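Presented below is the structure to which this report refers.
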Amino acid sequence: MTRRPVDTGDPDRLYTVTGGRSRVDDDSFDLVTLIVSECEPTPGMQSEHVKILGLCRHPTAVVEISAELKLPVTVVRILLGDLLATGRITARHPRSARSVAELPDSALLKEVLHGLRNL
């Protein structure tokens with residue numbers, strides 16, 4: 001079995017796709033942030049932006065978008081930042097529990113696990 005590097009994209013292409021940018025200005029997107037399209041693609045848009053808008057008609061995680069586009073997550077975050085800045089998408093960050101009391105009951109989780117195993 002031959003090992004392949006994770007990032008198999010052509011560096012010149014990735015440079016072009018991001019307009020030469022290598023970082024996102026802020027940390028708006030983590031791997032599980034859900035992205036939702038707010039509009040349809042318009043003529044003249046970058047092809048990757050069009051694909052993202054098409055994929056995100058329903059909430060889609062950043063990591064899923066990266067896998068579908070076959071682009072590194074860092075590149076996808078840059079593209080998402082462009083779309084967020086223009087209001088074409090919204091980002092829904094996962095909620096985190098503030099305390100242990102807000103977490104689901106362990107008995108309920110065991111029942112769900114048991115039910116899933118029976119499927």
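Lettering and numbering for the structure tokens are positional, with chains as A, B, ... in the shown order, residues counted from 1 in each chain, and ligands counted from 1 in the shown order.
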
Could you give me, as a PDB file with N, CA and C atoms, in the first residue's frame, each residue of region 30-85 of chain A that DSSP assigns to alpha helix (DSSP H) when run on this structure's backbone?
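Here's the written file out_20.pdb:
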ATOM      1  N   SER A  47     -15.849  29.439  -9.535  1.00  0.00           N
ATOM      2  CA  SER A  47     -16.483  28.113  -9.593  1.00  0.00           C
ATOM      3  C   SER A  47     -16.548  27.428  -8.232  1.00  0.00           C
ATOM      4  N   GLU A  48     -15.542  27.604  -7.406  1.00  0.00           N
ATOM      5  CA  GLU A  48     -15.561  26.996  -6.076  1.00  0.00           C
ATOM      6  C   GLU A  48     -16.652  27.611  -5.202  1.00  0.00           C
ATOM      7  N   HIS A  49     -16.871  28.896  -5.335  1.00  0.00           N
ATOM      8  CA  HIS A  49     -17.952  29.552  -4.596  1.00  0.00           C
ATOM      9  C   HIS A  49     -19.301  29.000  -5.049  1.00  0.00           C
ATOM     10  N   VAL A  50     -19.455  28.795  -6.341  1.00  0.00           N
ATOM     11  CA  VAL A  50     -20.703  28.238  -6.884  1.00  0.00           C
ATOM     12  C   VAL A  50     -20.939  26.842  -6.310  1.00  0.00           C
ATOM     13  N   LYS A  51     -19.906  26.028  -6.266  1.00  0.00           N
ATOM     14  CA  LYS A  51     -20.028  24.667  -5.731  1.00  0.00           C
ATOM     15  C   LYS A  51     -20.404  24.699  -4.254  1.00  0.00           C
ATOM     16  N   ILE A  52     -19.805  25.602  -3.503  1.00  0.00           N
ATOM     17  CA  ILE A  52     -20.119  25.708  -2.079  1.00  0.00           C
ATOM     18  C   ILE A  52     -21.583  26.094  -1.887  1.00  0.00           C
ATOM     19  N   LEU A  53     -22.057  27.069  -2.633  1.00  0.00           N
ATOM     20  CA  LEU A  53     -23.458  27.488  -2.506  1.00  0.00           C
ATOM     21  C   LEU A  53     -24.397  26.343  -2.854  1.00  0.00           C
ATOM     22  N   GLY A  54     -24.031  25.550  -3.839  1.00  0.00           N
ATOM     23  CA  GLY A  54     -24.849  24.397  -4.206  1.00  0.00           C
ATOM     24  C   GLY A  54     -24.857  23.318  -3.132  1.00  0.00           C
ATOM     25  N   LEU A  55     -23.704  23.061  -2.545  1.00  0.00           N
ATOM     26  CA  LEU A  55     -23.598  22.044  -1.491  1.00  0.00           C
ATOM     27  C   LEU A  55     -24.333  22.444  -0.229  1.00  0.00           C
ATOM     28  N   VAL A  62     -18.146  22.231   7.592  1.00  0.00           N
ATOM     29  CA  VAL A  62     -16.956  22.684   6.862  1.00  0.00           C
ATOM     30  C   VAL A  62     -16.131  21.496   6.384  1.00  0.00           C
ATOM     31  N   VAL A  63     -15.980  20.497   7.217  1.00  0.00           N
ATOM     32  CA  VAL A  63     -15.182  19.331   6.846  1.00  0.00           C
ATOM     33  C   VAL A  63     -15.825  18.571   5.679  1.00  0.00           C
ATOM     34  N   GLU A  64     -17.161  18.547   5.615  1.00  0.00           N
ATOM     35  CA  GLU A  64     -17.846  17.897   4.497  1.00  0.00           C
ATOM     36  C   GLU A  64     -17.636  18.674   3.200  1.00  0.00           C
ATOM     37  N   ILE A  65     -17.679  19.984   3.293  1.00  0.00           N
ATOM     38  CA  ILE A  65     -17.444  20.817   2.109  1.00  0.00           C
ATOM     39  C   ILE A  65     -16.039  20.564   1.587  1.00  0.00           C
ATOM     40  N   SER A  66     -15.077  20.518   2.482  1.00  0.00           N
ATOM     41  CA  SER A  66     -13.698  20.254   2.105  1.00  0.00           C
ATOM     42  C   SER A  66     -13.574  18.913   1.387  1.00  0.00           C
ATOM     43  N   ALA A  67     -14.232  17.900   1.912  1.00  0.00           N
ATOM     44  CA  ALA A  67     -14.169  16.570   1.297  1.00  0.00           C
ATOM     45  C   ALA A  67     -14.836  16.559  -0.076  1.00  0.00           C
ATOM     46  N   GLU A  68     -15.984  17.208  -0.192  1.00  0.00           N
ATOM     47  CA  GLU A  68     -16.698  17.240  -1.476  1.00  0.00           C
ATOM     48  C   GLU A  68     -15.918  17.993  -2.551  1.00  0.00           C
ATOM     49  N   LEU A  69     -15.299  19.092  -2.171  1.00  0.00           N
ATOM     50  CA  LEU A  69     -14.539  19.895  -3.130  1.00  0.00           C
ATOM     51  C   LEU A  69     -13.136  19.342  -3.374  1.00  0.00           C
ATOM     52  N   VAL A  73      -8.872  21.988   4.075  1.00  0.00           N
ATOM     53  CA  VAL A  73      -9.769  22.764   4.930  1.00  0.00           C
ATOM     54  C   VAL A  73      -9.339  24.223   4.992  1.00  0.00           C
ATOM     55  N   THR A  74      -8.059  24.492   5.010  1.00  0.00           N
ATOM     56  CA  THR A  74      -7.597  25.885   5.078  1.00  0.00           C
ATOM     57  C   THR A  74      -8.059  26.678   3.863  1.00  0.00           C
ATOM     58  N   VAL A  75      -8.044  26.070   2.694  1.00  0.00           N
ATOM     59  CA  VAL A  75      -8.505  26.739   1.477  1.00  0.00           C
ATOM     60  C   VAL A  75     -10.012  26.959   1.550  1.00  0.00           C
ATOM     61  N   VAL A  76     -10.747  25.951   2.015  1.00  0.00           N
ATOM     62  CA  VAL A  76     -12.202  26.067   2.133  1.00  0.00           C
ATOM     63  C   VAL A  76     -12.565  27.174   3.114  1.00  0.00           C
ATOM     64  N   ARG A  77     -11.824  27.299   4.213  1.00  0.00           N
ATOM     65  CA  ARG A  77     -12.095  28.375   5.178  1.00  0.00           C
ATOM     66  C   ARG A  77     -11.923  29.754   4.540  1.00  0.00           C
ATOM     67  N   ILE A  78     -10.943  29.905   3.693  1.00  0.00           N
ATOM     68  CA  ILE A  78     -10.730  31.181   3.001  1.00  0.00           C
ATOM     69  C   ILE A  78     -11.905  31.475   2.073  1.00  0.00           C
ATOM     70  N   LEU A  79     -12.334  30.464   1.322  1.00  0.00           N
ATOM     71  CA  LEU A  79     -13.472  30.641   0.411  1.00  0.00           C
ATOM     72  C   LEU A  79     -14.752  30.951   1.182  1.00  0.00           C
ATOM     73  N   LEU A  80     -14.947  30.269   2.301  1.00  0.00           N
ATOM     74  CA  LEU A  80     -16.126  30.534   3.123  1.00  0.00           C
ATOM     75  C   LEU A  80     -16.093  31.940   3.704  1.00  0.00           C
ATOM     76  N   GLY A  81     -14.917  32.402   4.063  1.00  0.00           N
ATOM     77  CA  GLY A  81     -14.777  33.773   4.560  1.00  0.00           C
ATOM     78  C   GLY A  81     -15.214  34.794   3.521  1.00  0.00           C
ATOM     79  N   ASP A  82     -14.873  34.533   2.248  1.00  0.00           N
ATOM     80  CA  ASP A  82     -15.310  35.415   1.162  1.00  0.00           C
ATOM     81  C   ASP A  82     -16.835  35.452   1.084  1.00  0.00           C
ATOM     82  N   LEU A  83     -17.451  34.274   1.135  1.00  0.00           N
ATOM     83  CA  LEU A  83     -18.908  34.185   1.011  1.00  0.00           C
ATOM     84  C   LEU A  83     -19.612  34.786   2.227  1.00  0.00           C
ATOM     85  N   LEU A  84     -19.033  34.599   3.410  1.00  0.00           N
ATOM     86  CA  LEU A  84     -19.628  35.169   4.620  1.00  0.00           C
ATOM     87  C   LEU A  84     -19.563  36.697   4.589  1.00  0.00           C
ATOM     88  N   ALA A  85     -18.457  37.225   4.118  1.00  0.00           N
ATOM     89  CA  ALA A  85     -18.287  38.685   4.056  1.00  0.00           C
ATOM     90  C   ALA A  85     -19.292  39.335   3.115  1.00  0.00           C
TER      91      ALA A  85
END

Review point. With only C-alpha atoms as the basis for distance, which of A:Leu113, A:Leu119, A:Leu14, A:Cys39 is at the shortest distance from Leu71 (chain A)?
Key: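 Of the candidates, the smallest distance to Leu71 (chain A) is held by A:Leu14.
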
**Study point:** Atomic separation - CA of Val17 (chain A) relative to CA of Pro72 (chain A), Å
**Key:** 11.5 Å
